[in-house]
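Colleague: Just so it is clear, I am handing over query.txt, which has compact mmCIF, C-alpha atoms.
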# COMPACT_ATOMS: atom_id res chain seq x y z
CA MET U 1 90.29 107.40 91.28
CA ALA U 2 86.69 107.01 92.34
CA THR U 3 86.73 110.15 94.50
CA ILE U 4 87.69 112.39 91.58
CA ASP U 5 85.09 110.64 89.42
CA LEU U 6 82.47 111.38 92.06
CA ILE U 7 83.47 115.04 92.34
CA VAL U 8 83.35 115.59 88.58
CA LEU U 9 80.12 113.64 88.09
CA GLY U 10 78.53 115.42 91.05
CA MET U 11 79.33 118.85 89.64
CA LEU U 12 77.99 117.85 86.23
CA LYS U 13 74.84 116.41 87.83
CA LYS U 14 74.01 119.95 88.94
CA GLU U 15 74.88 121.68 85.66
CA SER U 16 76.77 121.25 82.40
CA MET U 17 80.21 122.84 82.32
CA SER U 18 83.66 122.70 80.78
CA ALA U 19 86.68 121.06 82.41
CA TYR U 20 87.98 124.58 83.01
CA ASP U 21 84.75 125.50 84.83
CA ILE U 22 85.00 122.32 86.92
CA GLN U 23 88.59 123.19 87.80
CA LYS U 24 87.58 126.74 88.81
CA LEU U 25 84.76 125.38 90.97
CA VAL U 26 87.20 122.95 92.64
CA GLU U 27 89.45 125.93 93.40
CA TYR U 28 86.57 128.13 94.59
CA ARG U 29 85.22 125.43 96.87
CA ASN U 30 88.74 124.58 98.07
CA ILE U 31 88.09 120.93 97.34
CA SER U 32 91.81 120.26 96.90
CA LYS U 33 92.24 121.05 100.62
CA TRP U 34 90.31 117.92 101.56
CA VAL U 35 90.63 115.62 98.53
CA LYS U 36 93.78 115.00 96.54
CA ILE U 37 92.79 116.49 93.21
CA SER U 38 94.84 118.53 90.77
CA THR U 39 94.06 120.66 87.74
CA PRO U 40 95.58 118.17 85.27
CA SER U 41 93.63 115.32 86.89
CA ILE U 42 90.35 117.14 86.25
CA TYR U 43 91.02 117.51 82.53
CA LYS U 44 92.25 113.93 82.29
CA LYS U 45 89.25 112.69 84.28
CA ALA U 46 86.80 114.51 82.00
CA LEU U 47 88.29 112.71 78.99
CA GLN U 48 88.21 109.33 80.76
CA LEU U 49 84.61 109.78 81.89
CA GLU U 50 83.64 110.73 78.35
CA GLU U 51 85.37 107.61 76.96
CA LYS U 52 83.39 105.49 79.44
CA GLY U 53 80.13 107.12 78.33
CA PHE U 54 79.40 108.74 81.71
CA ILE U 55 79.57 112.26 80.33
CA LYS U 56 79.09 113.78 76.90
CA GLY U 57 81.10 116.72 75.60
CA ASP U 58 79.54 119.19 73.21
CA ILE U 59 81.85 121.65 71.45
CA VAL U 60 80.63 125.22 71.89
CA LYS U 61 81.97 128.58 70.83
CA GLU U 62 81.05 131.72 72.72
CA GLY U 63 81.78 135.01 70.99
CA LYS U 64 85.44 135.38 70.09
CA MET U 65 86.53 132.78 72.63
CA PRO U 66 88.06 129.53 71.37
CA GLU U 67 85.90 126.45 71.13
CA LYS U 68 85.56 124.36 74.26
CA ALA U 69 83.93 121.13 75.30
CA VAL U 70 80.99 121.56 77.66
CA TYR U 71 80.25 118.32 79.47
CA SER U 72 76.92 117.01 80.66
CA LEU U 73 75.97 113.84 82.49
CA THR U 74 74.55 110.96 80.48
CA ASP U 75 71.94 108.58 81.88
CA THR U 76 74.77 106.07 82.40
CA GLY U 77 76.71 108.82 84.20
CA LYS U 78 73.76 109.47 86.52
CA LYS U 79 73.69 105.78 87.43
CA GLU U 80 77.47 105.78 87.95
CA PHE U 81 77.18 108.86 90.18
CA GLU U 82 74.61 107.11 92.37
CA ARG U 83 76.67 103.91 92.43
CA LEU U 84 79.79 105.82 93.52
CA MET U 85 77.86 107.73 96.18
CA LEU U 86 76.65 104.47 97.72
CA GLU U 87 80.01 102.70 97.31
CA ILE U 88 82.14 105.46 98.82
CA ALA U 89 79.67 106.16 101.64
CA ALA U 90 79.78 102.45 102.61
CA LYS U 91 83.60 102.25 102.75
CA PRO U 92 85.51 102.43 106.02
CA ILE U 93 86.74 105.96 106.74
CA HIS U 94 90.48 106.55 106.36
CA ILE U 95 92.06 109.78 107.46
CA PHE U 96 95.47 110.30 105.92
CA LEU U 97 97.55 113.01 107.53
CA ASP U 98 100.96 113.32 105.88
CA PHE U 99 102.57 114.72 109.03
CA ASN U 100 101.99 111.39 110.80
CA ALA U 101 105.02 110.09 108.87
CA VAL U 102 107.03 112.64 110.87
CA ILE U 103 105.34 111.76 114.17
CA VAL U 104 106.06 108.02 113.92
CA ASN U 105 109.74 108.80 113.35
CA LEU U 106 110.22 111.49 116.01
CA ASP U 107 112.03 109.15 118.39
CA SER U 108 114.78 108.74 115.79
CA LEU U 109 115.76 112.39 116.18
CA PRO U 110 117.55 114.35 118.89
CA PRO U 111 115.12 116.18 121.26
CA GLU U 112 115.75 119.65 119.80
CA ILE U 113 114.91 118.47 116.26
CA GLN U 114 111.85 116.62 117.57
CA GLN U 115 110.66 119.90 119.11
CA SER U 116 111.34 121.73 115.85
CA CYS U 117 109.29 119.21 113.84
CA VAL U 118 106.34 119.36 116.25
CA THR U 119 106.52 123.17 116.32
CA ASP U 120 106.40 123.26 112.50
CA ILE U 121 103.36 120.95 112.46
CA GLU U 122 101.70 123.07 115.14
CA ARG U 123 102.32 126.25 113.13
CA ASN U 124 100.86 124.66 110.00
CA ILE U 125 97.78 123.49 111.90
CA LYS U 126 97.29 127.04 113.24
CA THR U 127 97.60 128.39 109.70
CA LEU U 128 94.99 125.88 108.50
CA LYS U 129 92.71 126.78 111.41
CA THR U 130 92.94 130.50 110.56
CA TYR U 131 92.21 129.73 106.91
CA LEU U 132 89.16 127.65 107.88
CA GLU U 133 87.88 130.31 110.28
CA GLU U 134 88.15 132.96 107.57
CA ASN U 135 86.56 130.69 104.97
CA ILE U 136 83.67 129.74 107.26
CA HIS U 137 83.09 133.37 108.27
CA GLU U 138 83.26 134.51 104.64
CA LYS U 139 80.81 131.90 103.39
CA GLU U 140 78.39 131.38 106.29
CA ASN U 141 75.95 134.08 105.16
CA ILE U 142 76.08 133.38 101.42
CA PRO U 143 72.87 131.56 100.45
CA GLU U 144 74.46 130.07 97.29
CA ILE U 145 76.91 128.05 99.39
CA PRO U 146 75.34 124.63 99.90
CA GLU U 147 74.83 123.45 103.49
CA THR U 148 76.85 120.37 102.61
CA GLY U 149 79.81 122.54 101.62
CA MET U 150 79.62 124.37 104.93
CA ALA U 151 79.36 121.02 106.72
CA VAL U 152 82.69 119.95 105.20
CA LEU U 153 84.35 123.19 106.31
CA GLN U 154 82.96 122.74 109.82
CA GLN U 155 84.10 119.10 109.85
CA GLN U 156 87.62 120.19 108.94
CA TYR U 157 87.53 122.84 111.65
CA VAL U 158 86.57 120.28 114.31
CA LEU U 159 89.37 117.99 113.08
CA VAL U 160 91.89 120.85 113.28
CA GLU U 161 90.81 121.62 116.84
CA ALA U 162 91.27 117.95 117.78
CA ILE U 163 94.74 117.91 116.17
CA GLU U 164 95.67 121.06 118.13
CA LYS U 165 94.78 119.30 121.40
CA TRP U 166 96.67 116.21 120.33
CA ILE U 167 99.76 118.27 119.42
CA ALA U 168 99.68 119.87 122.87
CA SER U 169 99.83 116.38 124.41
CA VAL U 170 102.69 115.36 122.09
CA LYS U 171 104.60 118.50 123.10
CA LYS U 172 103.95 117.74 126.78
CA ASP U 173 105.27 114.18 126.30
CA LEU U 174 108.37 115.47 124.52
CA LEU U 175 109.08 117.90 127.36
CA SER U 176 108.65 115.19 130.01
CA ASN U 177 110.98 112.87 128.05
CA ASP U 178 113.66 115.58 128.00
CA LYS U 179 113.84 115.54 131.81
Would you write out, as structure tokens, the structure that this file holds?
Modeller:
Amino acid sequence: MATIDLIVLGMLKKESMSAYDIQKLVEYRNISKWVKISTPSIYKKALQLEEKGFIKGDIVKEGKMPEKAVYSLTDTGKKEFERLMLEIAAKPIHIFLDFNAVIVNLDSLPPEIQQSCVTDIERNIKTLKTYLEENIHEKENIPEIPETGMAVLQQQYVLVEAIEKWIASVKKDLLSNDK
């Protein structure tokens, strides 16, 4: 997947690191909250990118730790990174929200189950909003956090607020349909 390629190449453009370090950075930056990326996919992607010549792995041993591959971007990888940046930026934006599969099928359920589904979605959105508020507050005064990383968190926060408003209108419609 091009998005995972771009994430891995982008991290390696900034500094050389192992697949484990990439995975830890993905966790730390909460990238899996906004891009479908898993730990196994990072390791697999590192091997694929190396096979394609975009990254180069050097085996290193630090102290008593086992050997590990530390990856760095090749010149071809730098060109691929730039190509992917331009390609993905030029694509139409798609926002996939899994809960929309529930929304489009609400009318197939009795009203009380419809309410339950919407209430569950609303609760999960509130949980996400709280998480984002805490994350933004925790990271807003840390100079090492890139402005672009904060921009993504703020973007998600705005989206969550919009979804909250939308859910309120869905709930209102459900209540008026019950009458």
Colleague: Report the distance between CA of Ile37 (chain U) and CA of Leu106 (chain U) in Å, rounded to one decimal place.
Modeller: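 Separation of CA of Ile37 (chain U) and CA of Leu106 (chain U): 29.1 Å.
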Colleague: With a distance cut-off of 10 Å and all atoms listed in the file, select the neighbouring residues of region 149-158 of chain U, excluding the residue or stretch itself and same-chain residues fewer than 3 positions from it, and output the selection as a list of chain:residue names.
Modeller: U:Arg29, U:Asn30, U:Ile31, U:Lys33, U:Trp34, U:Leu128, U:Lys129, U:Thr130, U:Tyr131, U:Leu132, U:Glu133, U:Asn135, U:Ile136, U:Lys139, U:Glu140, U:Ile145, U:Pro146, U:Glu161, U:Ala162, U:Ile163, U:Glu164
Colleague: Which polymer residues have any atom within 8 Å of an atom of Phe54 (chain U), counting all atoms listed in the file, with same-chain residues fewer than 2 positions away left out, as JSON, numbers by chain?
Modeller: {"U": [49, 50, 51, 52, 56, 73, 74, 75, 76, 77, 78, 80]}
Colleague: So that I can see what lies close to region 112-119 of chain U, please list as a compact mmCIF listing (two decimals) with C-alpha atoms, in the frame of the given file the residues with an atom at most 10 Å from it, counting all atoms listed in the file and leaving out residues fewer than 3 positions away in the same chain.
Modeller:
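The resulting file, around14.txt, is reproduced below:
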# COMPACT_ATOMS: atom_id res chain seq x y z
CA PHE U 99 102.57 114.72 109.03
CA VAL U 102 107.03 112.64 110.87
CA ILE U 103 105.34 111.76 114.17
CA ASN U 105 109.74 108.80 113.35
CA LEU U 106 110.22 111.49 116.01
CA ASP U 107 112.03 109.15 118.39
CA SER U 108 114.78 108.74 115.79
CA LEU U 109 115.76 112.39 116.18
CA GLU U 122 101.70 123.07 115.14
CA ARG U 123 102.32 126.25 113.13
CA ASN U 124 100.86 124.66 110.00
CA ILE U 125 97.78 123.49 111.90
CA ILE U 167 99.76 118.27 119.42
CA ALA U 168 99.68 119.87 122.87
CA VAL U 170 102.69 115.36 122.09
CA LYS U 171 104.60 118.50 123.10
CA LEU U 174 108.37 115.47 124.52
CA LEU U 175 109.08 117.90 127.36
CA ASP U 178 113.66 115.58 128.00
Colleague: Can you tell me how far CA of Asp21 (chain U) sits from CA of Glu67 (chain U), in Å to one decimal?
Modeller: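 For CA of Asp21 (chain U) relative to CA of Glu67 (chain U), the distance reads 13.8 Å.
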Colleague: So which one's closest to Gln48 (chain U), U:Ala90, U:Val26, U:Leu9, U:Ile121? Using all atoms listed in the file, please.
Modeller: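 Of the candidates, the smallest distance to Gln48 (chain U) is held by U:Leu9.
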Colleague: CA of Glu134 (chain U) to CA of Ser38 (chain U): how many Å, to one decimal?
Modeller: 23.1 Å
